[in-house]
Amino acid sequence: MITSKELRNNWIKFYEGKGHVNIGAVSLIGDGTTGVMFNVAGMQPLMPYLLGKKHPKGTRLCNVQGCVRTVDIDSVGDATHFTFFEMMGNWSLGDYFKKEKTAWSFELLTQVFGFDKDKICSTVFEGNESAPRDEQTASYLKELGIKEENIFYLDKSNNWWELEGTVGTPCGPDNEWFYPRHDNPCCDKCDVNCDCGRYVEIGNDVYMQYKKLEGGKYVELENKNVDTGFGLDRLLLFLNGLDDGYKTDLFADAIARLESASNKAYGTDEQDTKAMRIIADHTRTAVMLIGDINGITPSNTGAGYILRRLLRRAIRYCKNLGIPATEMCEVAKIFIEKVYDEAYPLLVEKEGYILDEINKEIKKFEATLASGMKEFDKIIVGMQRKNAFMKEKDANYVEETEISGKQAFRLYDTFGYPLELTVELANEKGLTVDVEGFNQAFKAHQELSKAQAQSAKGGLTERTETTTNYHTATHIMLAGLRKMFGTGVEQKGSNITEERLRFDFNLDHKMTAEELKELENFVNDVIDKKIDVVRSELPYAKAVEQGAYGVFNAESDEQIVSIYTIDGVDKQICGGPHANNTGDLGRFIIKKEESSASGIRRIKAILQ
């Protein structure tokens, strides 16, 4: 049995042995410049370097990066879906390429993880009119000893990586590694293309060897990159011969706590098992988001809303399981103190704060559930009044006895009432619920959520001149806030679009009209002075010594960081991008100042 800590350490140790530098993980929270709310892939933070920027740690890098994906929150509850997960990655930035990478992935799978080379399968790009068949990778795989019949050529949808809708960006074929769960094929053609689930994708090596041109054509890049991604949660599951992700050591103690609290056994009853999975998963993700270096708190907008939705879904399932919601805090302690104490030591430092935020949300939601009950009662009273009125007008009128799907969905979406709770309450009143109508409303909501999530993707390529200017404006605005209210004011969240900036910061009061005008004038004065924005690089300790600040989790005092300086105004540690001169920004106008969470204020502003 391999533990998650051993797997994490084995990955880093292996690639450090191949000359890679462990660059550590970055924040889970998007800073508003990449177009995504959360970090959704291990390679996402490396995009600037995969696109050509020089990395301060060199050309061979590795790490284990936490990720959060929330497009399919409602799928969590089965054996394989998680909202937080970790990706084990390694990268070559113009250094080694296919020969070395195939050999190292093969060595890792066979010598470190003990996979049988005769059972390893691999898929490569079959080629099309734009790019040739990847015979080079296939030949290296054969040389390593992978059977020819275990190498599969698949099309672009399966074995090609690129940023959709972009031109001039690196892209190329990928090489995916598969392994069978068991030796019992479902048919004569049971291979990696079979839907029976026998074969599991272990990991993926992407070879960024081309640049995409206008018209869909590709040319070879002079400096080629490698991007590798292996899912820690999935590989841990597979290496331990399990088919349920909640049975690994990542969740075992959390599930045991829920079993003890509920006096129910995991895996015995389908609904109880689903509830335990949801409580464990959502609590883990909440711990990670609240305890992050750029930690967020539950709110009604943006990333804070997603966090609130996760916590409240977990609270509902605590009720389904028949346990007090405060058990979530006990589960949180397990993740903080036992599971992730080594990999994410900041969680231990912030433990009291994390537990306090979860507790506060539990109390708020229990009050919200009471409000939902009032709304349910209103629906019943409205139905009774309508029936009485119509009965007086028409003795043959057939009374309504069904709560509409839209009403049921509003109870779910606004007040957190799951459909089964609404059905149960309706049955007690001798009524039914339009389940089909609810499902239609729910499906429409899911499609909208997925569309919104998809529109947020795109990474670095969405960094336009406008969003770059907005990013610089947030730096100037924060400098103004710190001048007005002290250096204790820090960034607590940021979201930037083509139309506006949104910036969260800590402050103990609502800003007055006079304070807002003062801040607005400060920013515009800096813009009018047309000051150059200068980028420099220094070791982290030296940068701080020279007065630089920012939300940044340095691995050591010697880590090289980027500093953006607006002379006489601001000096921040930041990954960029920024305008070249403050005069490029235009006129800064504050549109709104409001509360984002307890002790957190939010400003929305535009540039004209």
# chains A, B, ... in the order shown; residues from 1 in each chain; ligands from 1
>>> select_by_dssp(residues="stretch 152-220 of chain A", states="strand (DSSP E)", output="count of residues only")
33
>>> residues_around(residues="stretch 203-205 of chain A", least_positions_apart="6", cutoff="7 Å", atoms="only C-alpha atoms", output="VMD selection string")
chain A and resid 174 to 177 226 to 231
>>> atom_distance(atom1="atom CA of A:Lys406", atom2="atom CA of A:Gly302")
24.3 Å
>>> residues_around(residues="stretch 322-324 of chain A", least_positions_apart="2", cutoff="12 Å", atoms="only C-alpha atoms", output="PyMOL selection string")
chain A and resi 257-264+271-272+275-276+279+314-320+326-330+359+362-363+366
>>> residues_around(residues="A:Met511", least_positions_apart="4", cutoff="8 Å", atoms="only C-alpha atoms", output="PyMOL selection string")
chain A and resi 515-516+593
>>> closest_residue(among="A:Gly486, A:Gly172, A:Gly304, A:Gly19", to="A:Asp134", atoms="only C-alpha atoms")
A:Gly172
>>> closest_residue(among="A:His81, A:Ala343, A:Asn159, A:Leu501", to="A:Val64", atoms="only C-alpha atoms")
A:Ala343
>>> residues_around(residues="stretch 99-108 of chain A", least_positions_apart="2", cutoff="10 Å", atoms="only C-alpha atoms", output="number ranges by chain")
A: 10-11, 14-15, 18, 90-92, 96-97, 110-115, 117, 120, 136-141, 143-146, 175, 177, 203-207, 226-228
>>> select_by_dssp(residues="stretch 100-174 of chain A", states="alpha helix (DSSP H)", output="list of chain:residue names")
A:Glu100, A:Lys101, A:Thr102, A:Ala103, A:Trp104, A:Ser105, A:Phe106, A:Glu107, A:Glu135, A:Gln136, A:Thr137, A:Ala138, A:Ser139, A:Tyr140, A:Leu141, A:Lys142, A:Glu143, A:Leu144, A:Lys156, A:Ser157, A:Asn158, A:Asn159
>>> residues_around(residues="A:Val398", least_positions_apart="3", cutoff="12 Å", atoms="only C-alpha atoms", output="number ranges by chain")
A: 386-395, 401-402
>>> residues_around(residues="A:Asp532", least_positions_apart="4", cutoff="10 Å", atoms="only C-alpha atoms", output="list of chain:residue names")
A:Tyr564, A:Thr565, A:Ile566, A:Asp567, A:Ala579, A:Asn580, A:Asn581, A:Thr582, A:Gly583, A:Asp584
>>> decode(residues="stretch 193-222 of chain A", atoms="N, CA, C and O atoms", output="PDB file, in the first residue's frame")
ATOM      1  N   ASN A 193      -9.546   1.741 -26.381  1.00  0.00           N
ATOM      2  CA  ASN A 193     -10.693   2.398 -26.998  1.00  0.00           C
ATOM      3  C   ASN A 193     -12.027   1.869 -26.492  1.00  0.00           C
ATOM      4  O   ASN A 193     -13.081   2.394 -26.852  1.00  0.00           O
ATOM      5  N   CYS A 194     -11.984   0.839 -25.659  1.00  0.00           N
ATOM      6  CA  CYS A 194     -13.210   0.213 -25.173  1.00  0.00           C
ATOM      7  C   CYS A 194     -13.836   1.040 -24.050  1.00  0.00           C
ATOM      8  O   CYS A 194     -13.128   1.613 -23.208  1.00  0.00           O
ATOM      9  N   ASP A 195     -15.159   1.083 -24.027  1.00  0.00           N
ATOM     10  CA  ASP A 195     -15.884   1.861 -23.014  1.00  0.00           C
ATOM     11  C   ASP A 195     -16.159   1.084 -21.731  1.00  0.00           C
ATOM     12  O   ASP A 195     -16.825   1.587 -20.836  1.00  0.00           O
ATOM     13  N   CYS A 196     -15.639  -0.124 -21.626  1.00  0.00           N
ATOM     14  CA  CYS A 196     -15.972  -0.960 -20.464  1.00  0.00           C
ATOM     15  C   CYS A 196     -15.274  -0.498 -19.187  1.00  0.00           C
ATOM     16  O   CYS A 196     -15.619  -0.939 -18.086  1.00  0.00           O
ATOM     17  N   GLY A 197     -14.275   0.366 -19.307  1.00  0.00           N
ATOM     18  CA  GLY A 197     -13.595   0.872 -18.124  1.00  0.00           C
ATOM     19  C   GLY A 197     -12.428   0.025 -17.657  1.00  0.00           C
ATOM     20  O   GLY A 197     -11.849   0.294 -16.600  1.00  0.00           O
ATOM     21  N   ARG A 198     -12.070  -0.979 -18.426  1.00  0.00           N
ATOM     22  CA  ARG A 198     -10.964  -1.854 -18.016  1.00  0.00           C
ATOM     23  C   ARG A 198      -9.631  -1.097 -18.010  1.00  0.00           C
ATOM     24  O   ARG A 198      -8.800  -1.296 -17.126  1.00  0.00           O
ATOM     25  N   TYR A 199      -9.431  -0.230 -19.006  1.00  0.00           N
ATOM     26  CA  TYR A 199      -8.171   0.516 -19.099  1.00  0.00           C
ATOM     27  C   TYR A 199      -8.298   1.900 -18.470  1.00  0.00           C
ATOM     28  O   TYR A 199      -9.286   2.606 -18.677  1.00  0.00           O
ATOM     29  N   VAL A 200      -7.284   2.268 -17.719  1.00  0.00           N
ATOM     30  CA  VAL A 200      -7.266   3.560 -17.029  1.00  0.00           C
ATOM     31  C   VAL A 200      -6.126   4.405 -17.572  1.00  0.00           C
ATOM     32  O   VAL A 200      -5.005   3.912 -17.748  1.00  0.00           O
ATOM     33  N   GLU A 201      -6.412   5.684 -17.861  1.00  0.00           N
ATOM     34  CA  GLU A 201      -5.344   6.599 -18.270  1.00  0.00           C
ATOM     35  C   GLU A 201      -4.533   6.976 -17.035  1.00  0.00           C
ATOM     36  O   GLU A 201      -5.058   7.500 -16.064  1.00  0.00           O
ATOM     37  N   ILE A 202      -3.237   6.699 -17.080  1.00  0.00           N
ATOM     38  CA  ILE A 202      -2.350   6.957 -15.947  1.00  0.00           C
ATOM     39  C   ILE A 202      -1.777   8.365 -15.992  1.00  0.00           C
ATOM     40  O   ILE A 202      -1.624   9.039 -14.983  1.00  0.00           O
ATOM     41  N   GLY A 203      -1.411   8.810 -17.184  1.00  0.00           N
ATOM     42  CA  GLY A 203      -0.812  10.136 -17.308  1.00  0.00           C
ATOM     43  C   GLY A 203      -0.640  10.527 -18.753  1.00  0.00           C
ATOM     44  O   GLY A 203      -0.990   9.780 -19.673  1.00  0.00           O
ATOM     45  N   ASN A 204      -0.070  11.723 -18.959  1.00  0.00           N
ATOM     46  CA  ASN A 204      -0.045  12.302 -20.285  1.00  0.00           C
ATOM     47  C   ASN A 204       1.235  13.125 -20.481  1.00  0.00           C
ATOM     48  O   ASN A 204       1.574  13.945 -19.633  1.00  0.00           O
ATOM     49  N   ASP A 205       1.932  12.889 -21.580  1.00  0.00           N
ATOM     50  CA  ASP A 205       3.095  13.694 -21.960  1.00  0.00           C
ATOM     51  C   ASP A 205       2.741  14.478 -23.218  1.00  0.00           C
ATOM     52  O   ASP A 205       2.446  13.888 -24.262  1.00  0.00           O
ATOM     53  N   VAL A 206       2.764  15.802 -23.114  1.00  0.00           N
ATOM     54  CA  VAL A 206       2.446  16.670 -24.254  1.00  0.00           C
ATOM     55  C   VAL A 206       3.738  17.201 -24.847  1.00  0.00           C
ATOM     56  O   VAL A 206       4.598  17.718 -24.126  1.00  0.00           O
ATOM     57  N   TYR A 207       3.850  17.092 -26.176  1.00  0.00           N
ATOM     58  CA  TYR A 207       5.041  17.565 -26.881  1.00  0.00           C
ATOM     59  C   TYR A 207       4.692  18.815 -27.683  1.00  0.00           C
ATOM     60  O   TYR A 207       4.101  18.733 -28.759  1.00  0.00           O
ATOM     61  N   MET A 208       5.065  19.961 -27.159  1.00  0.00           N
ATOM     62  CA  MET A 208       4.769  21.234 -27.823  1.00  0.00           C
ATOM     63  C   MET A 208       5.857  21.523 -28.845  1.00  0.00           C
ATOM     64  O   MET A 208       6.825  22.228 -28.571  1.00  0.00           O
ATOM     65  N   GLN A 209       5.662  20.974 -30.039  1.00  0.00           N
ATOM     66  CA  GLN A 209       6.698  21.079 -31.061  1.00  0.00           C
ATOM     67  C   GLN A 209       6.307  21.950 -32.241  1.00  0.00           C
ATOM     68  O   GLN A 209       7.112  22.201 -33.137  1.00  0.00           O
ATOM     69  N   TYR A 210       5.041  22.424 -32.260  1.00  0.00           N
ATOM     70  CA  TYR A 210       4.574  23.225 -33.382  1.00  0.00           C
ATOM     71  C   TYR A 210       4.055  24.587 -32.924  1.00  0.00           C
ATOM     72  O   TYR A 210       3.738  24.795 -31.754  1.00  0.00           O
ATOM     73  N   LYS A 211       3.981  25.498 -33.888  1.00  0.00           N
ATOM     74  CA  LYS A 211       3.300  26.773 -33.682  1.00  0.00           C
ATOM     75  C   LYS A 211       2.152  26.829 -34.669  1.00  0.00           C
ATOM     76  O   LYS A 211       2.318  26.540 -35.856  1.00  0.00           O
ATOM     77  N   LYS A 212       0.976  27.187 -34.167  1.00  0.00           N
ATOM     78  CA  LYS A 212      -0.208  27.235 -35.013  1.00  0.00           C
ATOM     79  C   LYS A 212      -0.262  28.561 -35.770  1.00  0.00           C
ATOM     80  O   LYS A 212      -0.092  29.625 -35.182  1.00  0.00           O
ATOM     81  N   LEU A 213      -0.504  28.476 -37.080  1.00  0.00           N
ATOM     82  CA  LEU A 213      -0.579  29.661 -37.922  1.00  0.00           C
ATOM     83  C   LEU A 213      -2.018  29.933 -38.340  1.00  0.00           C
ATOM     84  O   LEU A 213      -2.924  29.138 -38.076  1.00  0.00           O
ATOM     85  N   GLU A 214      -2.223  31.061 -39.002  1.00  0.00           N
ATOM     86  CA  GLU A 214      -3.536  31.367 -39.563  1.00  0.00           C
ATOM     87  C   GLU A 214      -3.915  30.272 -40.556  1.00  0.00           C
ATOM     88  O   GLU A 214      -3.071  29.737 -41.266  1.00  0.00           O
ATOM     89  N   GLY A 215      -5.193  29.952 -40.606  1.00  0.00           N
ATOM     90  CA  GLY A 215      -5.653  28.938 -41.544  1.00  0.00           C
ATOM     91  C   GLY A 215      -5.498  27.522 -41.049  1.00  0.00           C
ATOM     92  O   GLY A 215      -5.730  26.563 -41.790  1.00  0.00           O
ATOM     93  N   GLY A 216      -5.066  27.360 -39.790  1.00  0.00           N
ATOM     94  CA  GLY A 216      -4.981  26.026 -39.212  1.00  0.00           C
ATOM     95  C   GLY A 216      -3.726  25.266 -39.556  1.00  0.00           C
ATOM     96  O   GLY A 216      -3.636  24.062 -39.315  1.00  0.00           O
ATOM     97  N   LYS A 217      -2.713  25.921 -40.111  1.00  0.00           N
ATOM     98  CA  LYS A 217      -1.456  25.241 -40.438  1.00  0.00           C
ATOM     99  C   LYS A 217      -0.491  25.330 -39.263  1.00  0.00           C
ATOM    100  O   LYS A 217      -0.611  26.183 -38.396  1.00  0.00           O
ATOM    101  N   TYR A 218       0.500  24.427 -39.269  1.00  0.00           N
ATOM    102  CA  TYR A 218       1.461  24.358 -38.171  1.00  0.00           C
ATOM    103  C   TYR A 218       2.885  24.356 -38.722  1.00  0.00           C
ATOM    104  O   TYR A 218       3.154  23.783 -39.782  1.00  0.00           O
ATOM    105  N   VAL A 219       3.790  25.022 -37.989  1.00  0.00           N
ATOM    106  CA  VAL A 219       5.213  24.971 -38.345  1.00  0.00           C
ATOM    107  C   VAL A 219       5.993  24.517 -37.116  1.00  0.00           C
ATOM    108  O   VAL A 219       5.565  24.725 -35.981  1.00  0.00           O
ATOM    109  N   GLU A 220       7.140  23.900 -37.329  1.00  0.00           N
ATOM    110  CA  GLU A 220       7.968  23.399 -36.230  1.00  0.00           C
ATOM    111  C   GLU A 220       8.546  24.563 -35.422  1.00  0.00           C
ATOM    112  O   GLU A 220       8.974  25.585 -35.975  1.00  0.00           O
ATOM    113  N   LEU A 221       8.557  24.404 -34.117  1.00  0.00           N
ATOM    114  CA  LEU A 221       9.170  25.386 -33.231  1.00  0.00           C
ATOM    115  C   LEU A 221      10.666  25.100 -33.101  1.00  0.00           C
ATOM    116  O   LEU A 221      11.086  23.940 -33.110  1.00  0.00           O
ATOM    117  N   GLU A 222      11.447  26.158 -32.971  1.00  0.00           N
ATOM    118  CA  GLU A 222      12.878  25.962 -32.753  1.00  0.00           C
ATOM    119  C   GLU A 222      13.124  25.414 -31.351  1.00  0.00           C
ATOM    120  O   GLU A 222      13.911  24.486 -31.156  1.00  0.00           O
TER     121      GLU A 222
END
